[in-house]
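Trainee: Contents of start_10.csv (CSV, C-alpha atoms):
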```
chain,number,residue,atom,x,y,z
A,1,MET,CA,112.1,-29.3,16.4
A,2,ASN,CA,115.7,-28.2,16.6
A,3,ILE,CA,115.8,-24.7,15.0
A,4,SER,CA,119.7,-24.7,14.8
A,5,GLU,CA,119.6,-27.7,12.4
A,6,TYR,CA,116.5,-26.7,10.3
A,7,ASN,CA,116.9,-26.9,6.6
A,8,PHE,CA,114.9,-24.1,5.0
A,9,LYS,CA,114.4,-26.3,1.9
A,10,ARG,CA,111.8,-28.0,4.0
A,11,CYS,CA,108.5,-26.2,3.7
A,12,LYS,CA,107.2,-25.1,7.1
A,13,LEU,CA,103.6,-25.8,5.9
A,14,CYS,CA,103.5,-29.0,3.9
A,15,GLY,CA,106.9,-30.4,5.1
A,16,GLU,CA,108.2,-31.3,1.6
A,17,MET,CA,111.8,-30.5,0.7
A,18,ARG,CA,110.6,-28.3,-2.1
A,19,ALA,CA,111.2,-24.8,-0.8
A,20,SER,CA,113.7,-22.5,-2.4
A,21,PRO,CA,114.8,-18.8,-2.1
A,22,ARG,CA,112.3,-16.6,-4.0
A,23,TYR,CA,112.6,-13.0,-2.8
A,24,GLN,CA,115.8,-11.4,-1.5
A,25,LEU,CA,115.0,-8.7,1.0
A,26,PRO,CA,117.4,-6.3,2.8
A,27,ASN,CA,117.7,-8.4,5.9
A,28,THR,CA,116.3,-11.8,5.0
A,29,ILE,CA,115.1,-14.1,2.3
A,30,ILE,CA,111.5,-15.2,1.5
A,31,TYR,CA,111.4,-18.9,0.6
A,32,SER,CA,108.6,-20.3,-1.5
A,33,CYS,CA,107.4,-23.9,-1.6
A,34,GLN,CA,107.1,-25.3,-5.1
A,35,ASP,CA,104.4,-27.7,-4.0
A,36,CYS,CA,102.1,-25.6,-1.8
A,37,THR,CA,103.4,-22.1,-2.6
A,38,PHE,CA,103.8,-21.2,1.1
A,39,HIS,CA,106.0,-18.1,1.8
A,40,PHE,CA,108.2,-17.9,4.9
A,41,ILE,CA,111.5,-16.3,5.8
A,42,ASN,CA,114.8,-18.0,6.9
A,43,ASN,CA,114.6,-16.7,10.4
A,44,PHE,CA,113.7,-18.2,13.8
A,45,ASP,CA,113.2,-16.8,17.3
A,46,GLU,CA,115.2,-18.3,20.1
A,47,ILE,CA,112.8,-18.1,23.0
A,48,SER,CA,115.1,-17.2,25.8
A,49,GLU,CA,116.0,-14.4,28.1
A,50,ALA,CA,118.9,-13.5,25.8
A,51,ALA,CA,116.5,-12.8,23.0
A,52,GLU,CA,115.1,-9.9,25.1
A,53,GLY,CA,118.3,-8.8,26.8
A,54,SER,CA,117.9,-9.3,30.5
A,55,GLY,CA,114.2,-9.7,30.3
A,56,GLN,CA,113.8,-7.2,33.1
A,57,LEU,CA,110.8,-4.9,33.3
A,58,ASN,CA,112.6,-1.5,33.6
A,59,GLN,CA,111.5,2.0,32.9
A,60,LYS,CA,112.6,1.8,29.3
A,61,SER,CA,110.6,-1.3,28.6
A,62,ILE,CA,107.6,0.1,30.5
A,63,ASP,CA,107.7,3.3,28.5
A,64,TYR,CA,107.9,1.3,25.3
A,65,ILE,CA,105.0,-0.9,26.2
A,66,GLU,CA,102.8,2.0,27.3
A,67,SER,CA,103.6,3.9,24.1
A,68,ARG,CA,101.9,1.1,22.2
A,69,ILE,CA,99.5,-0.2,24.8
A,70,ASP,CA,96.3,0.9,22.9
A,71,GLU,CA,97.3,-0.7,19.6
A,72,GLY,CA,94.7,-3.3,18.7
A,73,THR,CA,92.7,-2.9,21.8
A,74,HIS,CA,89.7,-1.6,19.8
A,75,LEU,CA,89.6,-5.1,18.2
A,76,HIS,CA,88.9,-7.1,21.4
A,77,PRO,CA,85.2,-6.2,21.7
A,78,LEU,CA,84.8,-7.2,18.1
A,79,ARG,CA,86.6,-10.5,18.7
A,80,ILE,CA,84.4,-11.2,21.8
A,81,LYS,CA,81.3,-10.6,19.7
A,82,PHE,CA,82.8,-12.8,16.9
A,83,ALA,CA,83.5,-15.7,19.2
A,84,GLN,CA,80.1,-15.4,20.8
A,85,SER,CA,78.5,-15.8,17.4
A,86,TYR,CA,79.8,-19.4,17.2
A,87,THR,CA,79.9,-20.6,20.8
A,88,ASN,CA,78.3,-19.9,24.2
A,89,PHE,CA,81.5,-19.7,26.2
A,90,SER,CA,79.9,-18.4,29.5
A,91,ASP,CA,81.3,-20.5,32.3
A,92,GLY,CA,83.6,-22.2,29.8
A,93,LYS,CA,87.3,-22.6,29.6
A,94,ALA,CA,89.5,-20.6,27.1
A,95,LEU,CA,93.1,-20.3,26.1
A,96,ASP,CA,94.5,-17.2,24.5
A,97,ILE,CA,97.8,-18.0,22.6
A,98,GLY,CA,100.0,-15.0,22.2
A,99,ALA,CA,98.2,-13.1,24.9
A,100,GLY,CA,100.3,-9.9,24.8
A,101,LEU,CA,99.5,-7.9,27.9
A,102,GLY,CA,96.3,-9.9,28.6
A,103,HIS,CA,93.7,-7.4,27.4
A,104,PHE,CA,91.6,-10.1,25.6
A,105,GLN,CA,91.9,-12.3,28.7
A,106,GLN,CA,90.5,-9.4,30.8
A,107,GLN,CA,87.4,-9.2,28.6
A,108,LEU,CA,86.8,-12.9,28.7
A,109,ASN,CA,87.1,-12.9,32.5
A,110,ALA,CA,84.3,-10.3,32.6
A,111,HIS,CA,82.1,-12.9,30.9
A,112,GLY,CA,82.7,-15.5,33.6
A,113,VAL,CA,85.2,-17.5,31.5
A,114,GLU,CA,88.1,-19.5,33.0
A,115,VAL,CA,90.9,-18.0,30.9
A,116,HIS,CA,94.5,-19.1,30.5
A,117,GLY,CA,97.1,-17.1,28.5
A,118,ILE,CA,100.4,-17.9,26.8
A,119,GLU,CA,102.9,-15.1,26.2
A,120,PRO,CA,106.5,-15.9,25.3
A,121,SER,CA,107.7,-12.3,25.8
A,122,THR,CA,109.1,-12.0,29.3
A,123,ILE,CA,108.7,-8.2,29.6
A,124,ARG,CA,105.0,-8.4,28.5
A,125,ARG,CA,104.3,-11.2,31.0
A,126,LYS,CA,105.9,-9.2,33.8
A,127,TYR,CA,104.0,-6.0,32.8
A,128,ALA,CA,100.7,-8.0,32.7
A,129,GLU,CA,101.4,-9.3,36.2
A,130,GLU,CA,102.7,-6.2,37.8
A,131,LYS,CA,100.6,-3.6,36.2
A,132,MET,CA,97.4,-5.5,35.3
A,133,ALA,CA,97.3,-8.3,37.8
A,134,ILE,CA,97.1,-10.9,35.0
A,135,GLN,CA,99.0,-14.2,35.2
A,136,LEU,CA,100.3,-15.4,31.8
A,137,ARG,CA,102.3,-18.6,31.1
A,138,SER,CA,105.7,-18.7,29.3
A,139,GLU,CA,105.3,-22.3,28.2
A,140,LEU,CA,104.5,-22.6,24.5
A,141,VAL,CA,101.4,-24.5,23.5
A,142,ASP,CA,103.4,-27.6,22.4
A,143,ASP,CA,105.0,-27.8,25.8
A,144,GLN,CA,104.2,-30.8,28.0
A,145,TYR,CA,102.7,-28.4,30.6
A,146,TRP,CA,99.8,-27.9,28.2
A,147,GLN,CA,99.8,-31.2,26.2
A,148,ILE,CA,99.6,-33.4,29.3
A,149,LYS,CA,97.6,-31.4,31.8
A,150,TYR,CA,95.1,-29.7,29.4
A,151,ARG,CA,94.5,-32.1,26.6
A,152,HIS,CA,90.8,-31.8,25.4
A,153,TYR,CA,90.3,-29.2,28.1
A,154,PHE,CA,89.3,-25.9,26.4
A,155,ASP,CA,86.0,-24.8,24.9
A,156,LEU,CA,87.6,-21.9,23.1
A,157,ILE,CA,91.2,-21.3,21.8
A,158,THR,CA,92.2,-18.0,20.2
A,159,LEU,CA,95.2,-17.0,18.1
A,160,TRP,CA,94.8,-13.3,17.4
A,161,ASP,CA,97.6,-12.1,15.1
A,162,VAL,CA,99.8,-14.9,16.3
A,163,ILE,CA,100.3,-17.7,13.7
A,164,GLU,CA,102.4,-15.4,11.5
A,165,HIS,CA,104.9,-14.9,14.3
A,166,VAL,CA,105.6,-18.5,15.5
A,167,ASN,CA,108.6,-20.6,14.4
A,168,PHE,CA,106.5,-23.6,13.3
A,169,PRO,CA,102.9,-22.7,12.4
A,170,ARG,CA,101.7,-26.2,11.5
A,171,GLU,CA,103.0,-27.7,14.8
A,172,THR,CA,101.5,-24.8,16.7
A,173,LEU,CA,98.1,-25.3,15.3
A,174,GLU,CA,98.3,-29.1,15.8
A,175,SER,CA,99.2,-28.5,19.5
A,176,ALA,CA,96.4,-26.0,20.0
A,177,ILE,CA,93.8,-28.4,18.5
A,178,ASN,CA,95.0,-31.2,20.8
A,179,LEU,CA,93.8,-29.0,23.7
A,180,LEU,CA,90.3,-28.3,22.3
A,181,LYS,CA,87.4,-30.4,23.4
A,182,PRO,CA,85.5,-32.1,20.6
A,183,GLY,CA,83.1,-29.5,19.4
A,184,GLY,CA,85.3,-26.7,20.8
A,185,LEU,CA,85.9,-23.5,18.9
A,186,LEU,CA,89.2,-22.2,17.5
A,187,CYS,CA,89.4,-18.6,16.3
A,188,LEU,CA,92.3,-17.0,14.5
A,189,GLU,CA,93.3,-13.8,12.7
A,190,THR,CA,96.4,-13.3,10.6
A,191,PRO,CA,97.6,-11.0,7.7
A,192,SER,CA,96.7,-12.2,4.3
A,193,ARG,CA,99.0,-12.8,1.4
A,194,GLU,CA,96.1,-12.1,-1.0
A,195,THR,CA,96.1,-8.4,-0.5
A,196,LEU,CA,96.8,-6.1,-3.5
A,197,SER,CA,99.9,-4.6,-1.9
A,198,TYR,CA,101.5,-8.1,-1.6
A,199,LYS,CA,100.6,-9.1,-5.2
A,200,ILE,CA,101.8,-5.9,-6.7
A,201,SER,CA,105.1,-6.2,-4.7
A,202,GLN,CA,105.7,-9.6,-6.1
A,203,SER,CA,105.1,-8.4,-9.6
A,204,VAL,CA,107.4,-5.4,-9.1
A,205,TYR,CA,110.1,-7.7,-7.8
A,206,ARG,CA,109.9,-10.0,-10.8
A,207,PHE,CA,109.8,-7.2,-13.4
A,208,SER,CA,112.7,-5.3,-11.7
A,209,ALA,CA,114.8,-8.5,-11.5
A,210,GLY,CA,114.9,-8.2,-7.8
A,211,LYS,CA,116.0,-4.6,-7.6
A,212,MET,CA,112.7,-3.4,-6.1
A,213,SER,CA,110.7,-5.3,-3.5
A,214,LEU,CA,108.2,-2.5,-2.8
A,215,PHE,CA,106.0,-3.5,0.2
A,216,LEU,CA,107.4,-7.0,0.7
A,217,PRO,CA,109.8,-6.0,3.6
A,218,SER,CA,106.9,-4.6,5.6
A,219,PHE,CA,105.2,-8.0,5.7
A,220,TYR,CA,108.1,-9.8,7.4
A,221,SER,CA,110.5,-9.0,10.2
A,222,THR,CA,113.6,-10.6,11.7
A,223,ALA,CA,113.1,-8.8,15.0
A,224,PRO,CA,112.2,-11.0,18.0
A,225,PHE,CA,108.6,-12.2,17.6
A,226,GLY,CA,108.4,-10.7,14.1
A,227,HIS,CA,106.4,-11.9,11.1
A,228,LYS,CA,108.0,-15.1,9.8
A,229,GLN,CA,105.3,-16.3,7.3
A,230,ILE,CA,102.2,-15.0,5.5
A,231,PHE,CA,99.4,-17.3,4.5
A,232,THR,CA,96.7,-17.4,1.9
A,233,SER,CA,93.2,-18.3,3.1
A,234,SER,CA,93.2,-21.6,1.2
A,235,GLN,CA,96.4,-22.7,2.8
A,236,LEU,CA,95.0,-22.2,6.3
A,237,ILE,CA,91.6,-23.7,5.4
A,238,GLN,CA,93.2,-26.9,4.0
A,239,LEU,CA,95.6,-27.2,6.9
A,240,LEU,CA,92.8,-26.9,9.5
A,241,GLN,CA,90.6,-29.3,7.6
A,242,LYS,CA,93.4,-31.9,7.6
A,243,MET,CA,93.7,-31.5,11.3
A,244,GLY,CA,90.0,-32.5,11.8
A,245,MET,CA,88.5,-29.0,12.0
A,246,SER,CA,85.3,-27.8,10.3
A,247,ILE,CA,85.4,-24.3,9.0
A,248,ILE,CA,82.3,-22.3,10.0
A,249,PHE,CA,83.5,-18.8,9.1
A,250,LEU,CA,86.1,-17.3,6.7
A,251,GLY,CA,86.3,-13.5,6.3
A,252,LYS,CA,88.6,-10.5,5.7
A,253,SER,CA,87.4,-8.3,8.6
A,254,TYR,CA,85.0,-8.3,11.4
A,255,ILE,CA,82.9,-5.4,10.1
A,256,ASN,CA,82.7,-6.5,6.4
A,257,PRO,CA,83.8,-10.1,5.9
A,258,ARG,CA,84.3,-9.4,2.1
A,259,LYS,CA,86.6,-6.4,2.5
A,260,GLY,CA,89.9,-6.2,4.5
A,261,ASN,CA,93.5,-7.3,4.6
A,262,LYS,CA,93.2,-10.1,7.1
A,263,ILE,CA,92.3,-13.8,7.2
A,264,ILE,CA,89.7,-14.4,10.0
A,265,ILE,CA,88.6,-18.0,10.7
A,266,ALA,CA,86.3,-19.7,13.1
A,267,ALA,CA,86.5,-23.5,13.1
A,268,THR,CA,85.1,-26.3,15.3
A,269,LYS,CA,86.8,-29.5,16.3
A,270,LYS,CA,84.9,-32.5,14.8
A,271,GLU,CA,83.2,-34.9,17.2
A,272,HIS,CA,84.6,-38.4,17.1
```
Would you mind writing the file's structure down as structure tokens?
Mentor:
Amino acid sequence: MNISEYNFKRCKLCGEMRASPRYQLPNTIIYSCQDCTFHFINNFDEISEAAEGSGQLNQKSIDYIESRIDEGTHLHPLRIKFAQSYTNFSDGKALDIGAGLGHFQQQLNAHGVEVHGIEPSTIRRKYAEEKMAIQLRSELVDDQYWQIKYRHYFDLITLWDVIEHVNFPRETLESAINLLKPGGLLCLETPSRETLSYKISQSVYRFSAGKMSLFLPSFYSTAPFGHKQIFTSSQLIQLLQKMGMSIIFLGKSYINPRKGNKIIIAATKKEH
């Protein structure tokens, strides 16, 4: 899809021309679909070297990466255990979309899994290769590299804190599901629009006639690879079901599925 010609009246979730500006933030606008109520901002990433400057792994970029290298790593053992609850992936094949520095890939490798990783950030790919000896691919999941060579190939596909970042979430999920074997497992985690802070922020915005947006700006970002959309759990469930997936888990956290600020889903691809 050509991002330069995209009309933001077209909802990125349901595709209907029913989206309109809803919340004006300091640096962007949140659009809301009148049909499916999906929320997304009017910003796209241009996946290119220009988006990251030279894309070179220099000392400045290394220092930045290493200042944040431990963020989220405590979640990977929980994610491994979570995936193991729904599939026996030993000696299987897995694809980690939005692999970052490849930490989750490392953990899967330790379980004897053949793992492939996708990471659009050039400096993160280079860091993973040079500092961690992990090879990650730059081609996005809808690229022919994946869609032709790896169709119905993977037993497990993961999108950990990824779907909120991509330009086109529906197309990303469709492309990922194309690569799953029948009966294969898809796991994803993403921020939830159903949190109290989001709901309160919407109310404050309305009652202040747009003068106060409270926490809404913290949910979205126009920075490269920032948050472009936030889902409700029902939106993701309905979307995955339309794509031929059976939902086997829906929760808000790994420790206590009823409490948390995330949407965590495990779904299997229906056998045909």
Trainee: Got a sec: who's within 12 Å of A:Glu114, counting all atoms listed in the file, leaving out chain neighbours fewer than 3 positions off, as a list in words?
Mentor: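 Contacts, with the query itself left out: Phe89, Ser90, Asp91, Gly92, Lys93, Ala94, Leu95, Asp96, Gln105, Gln106, Gln107, Leu108, Asn109, Ala110, His111, Gly117, Tyr153, Phe154, Asp155, Leu156 and Ile157 of chain A.
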Trainee: Residues within 6 Å of stretch 246-261 of chain A, please, as a list in words. Count only C-alpha atoms; anything in the same chain fewer than 6 positions from it doesn't count.
Mentor: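 Final neighbour list, sorted by chain and number: Ser192, Thr195, Ala267 and Thr268 of chain A.
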Trainee: For a quick check of understanding, using all atoms listed in the file, which of A:Arg124, A:Arg206, A:Arg193, A:Arg151 has the smallest distance to A:Glu164?
Mentor: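 Ranking A:Arg124, A:Arg206, A:Arg193, A:Arg151 by distance to A:Glu164, first place goes to A:Arg193.
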Trainee: Please list as number ranges by chain every residue within 8 Å of stretch 222-238 of chain A, counting only C-alpha atoms and excluding residues in the same chain fewer than 4 positions away.
Mentor: A: 27-28, 36, 38-45, 51-52, 164-167, 190-194, 242, 247, 263
Trainee: Please, what distance in Å, to one decimal, runs between atom CA of A:Ser175 and atom CA of A:Ile69?
Mentor: 28.8 Å
Trainee: Name the closest residue to A:Gly183 among the candidates A:Arg170, A:Lys126, A:Arg22, A:Lys269; distances are taken between atoms, counting all atoms listed in the file.
Mentor: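 Of the candidates, the smallest distance to A:Gly183 is held by A:Lys269.
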Trainee: Which residue out of A:Ile80, A:Val141, A:Val113, A:Leu214 has the minimum interatomic distance to A:Leu196 when all atoms listed in the file are used?
Mentor: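 Of A:Ile80, A:Val141, A:Val113, A:Leu214, the one nearest A:Leu196, counting all atoms listed in the file, is A:Leu214.
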Trainee: Tell me which of A:Asn88, A:Thr172, A:Ser197, A:Ser203 sits closest to A:Leu13, counting only C-alpha atoms.
Mentor: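 With only C-alpha atoms as the atom set, the closest residue is A:Thr172.
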Trainee: Counting only C-alpha atoms, which residue out of A:His272, A:Arg137, A:Arg10, A:Lys262 sits closest to A:Gly98?
Mentor: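 For A:Gly98, the nearest of the given residues is A:Arg137.
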Trainee: To one decimal place in Å, what is the distance between atom CA of A:Ser218 and atom CA of A:Ile264?
Mentor: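 So the answer is 20.3 Å.
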Trainee: Identify which of the residues A:Ala99, A:Leu57, A:Val162, A:Ile65 lies closest to A:Glu130, counting all atoms listed in the file when measuring atom-to-atom distances.
Mentor: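 Answer, going by the shortest atom-to-atom distance: A:Leu57.
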Trainee: Between atom CA of A:Gln84 and atom CA of A:Trp146, what distance in Å does the model show, to one decimal?
Mentor: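 Pair atom CA of A:Gln84 / atom CA of A:Trp146 returns 24.5 Å.
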Trainee: Got a sec: who's within 9 Å of A:Leu140, counting all atoms listed in the file, leaving out chain neighbours fewer than 5 positions off, as a list in words?
Mentor: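 Counting all atoms listed in the file, the residues come to Ile97, Ile118, Glu119, Pro120, Tyr145, Trp146 and Thr172 of chain A.
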Trainee: Taking the block above, write stretch 5-49 of chain A with C-alpha atoms as an mmCIF file, in the first residue's frame.
Mentor:
```
data_model
loop_
_atom_site.group_PDB
_atom_site.id
_atom_site.type_symbol
_atom_site.label_atom_id
_atom_site.label_comp_id
_atom_site.auth_asym_id
_atom_site.auth_seq_id
_atom_site.Cartn_x
_atom_site.Cartn_y
_atom_site.Cartn_z
ATOM 1 C CA GLU A 5 -1.314 8.455 -1.100
ATOM 2 C CA TYR A 6 -3.118 7.090 1.951
ATOM 3 C CA ASN A 7 -6.385 8.797 2.885
ATOM 4 C CA PHE A 8 -6.760 8.713 6.659
ATOM 5 C CA LYS A 9 -10.524 8.700 6.289
ATOM 6 C CA ARG A 10 -9.994 5.017 5.472
ATOM 7 C CA CYS A 11 -9.944 3.028 8.695
ATOM 8 C CA LYS A 12 -6.754 0.984 9.027
ATOM 9 C CA LEU A 13 -8.702 -1.813 10.720
ATOM 10 C CA CYS A 14 -12.019 -2.292 8.905
ATOM 11 C CA GLY A 15 -11.119 -0.450 5.690
ATOM 12 C CA GLU A 16 -14.272 1.660 5.584
ATOM 13 C CA MET A 17 -14.097 5.348 4.665
ATOM 14 C CA ARG A 18 -15.603 6.246 8.039
ATOM 15 C CA ALA A 19 -12.639 7.547 10.046
ATOM 16 C CA SER A 20 -12.424 11.164 11.152
ATOM 17 C CA PRO A 21 -10.177 13.312 13.420
ATOM 18 C CA ARG A 22 -11.137 12.755 17.040
ATOM 19 C CA TYR A 23 -8.329 13.946 19.338
ATOM 20 C CA GLN A 24 -5.855 16.691 18.461
ATOM 21 C CA LEU A 25 -2.529 15.981 20.189
ATOM 22 C CA PRO A 26 0.529 18.279 20.251
ATOM 23 C CA ASN A 27 2.257 16.507 17.347
ATOM 24 C CA THR A 28 -0.420 14.398 15.702
ATOM 25 C CA ILE A 29 -4.135 13.619 15.404
ATOM 26 C CA ILE A 30 -5.945 10.499 16.599
ATOM 27 C CA TYR A 31 -8.508 9.328 14.058
ATOM 28 C CA SER A 32 -11.497 7.262 15.141
ATOM 29 C CA CYS A 33 -13.592 5.025 12.900
ATOM 30 C CA GLN A 34 -17.319 5.595 13.179
ATOM 31 C CA ASP A 35 -17.974 1.945 12.310
ATOM 32 C CA CYS A 36 -15.460 -0.086 14.340
ATOM 33 C CA THR A 37 -14.195 2.683 16.730
ATOM 34 C CA PHE A 38 -10.549 1.899 15.905
ATOM 35 C CA HIS A 39 -8.066 4.599 17.027
ATOM 36 C CA PHE A 40 -4.969 5.418 14.944
ATOM 37 C CA ILE A 41 -2.807 8.457 14.253
ATOM 38 C CA ASN A 42 -2.120 10.141 10.931
ATOM 39 C CA ASN A 43 1.516 9.124 10.765
ATOM 40 C CA PHE A 44 3.483 6.483 8.889
ATOM 41 C CA ASP A 45 7.056 5.219 9.027
ATOM 42 C CA GLU A 46 9.083 5.325 5.854
ATOM 43 C CA ILE A 47 11.227 2.230 6.214
ATOM 44 C CA SER A 48 14.507 3.456 4.781
ATOM 45 C CA GLU A 49 18.033 4.342 5.737
#
```
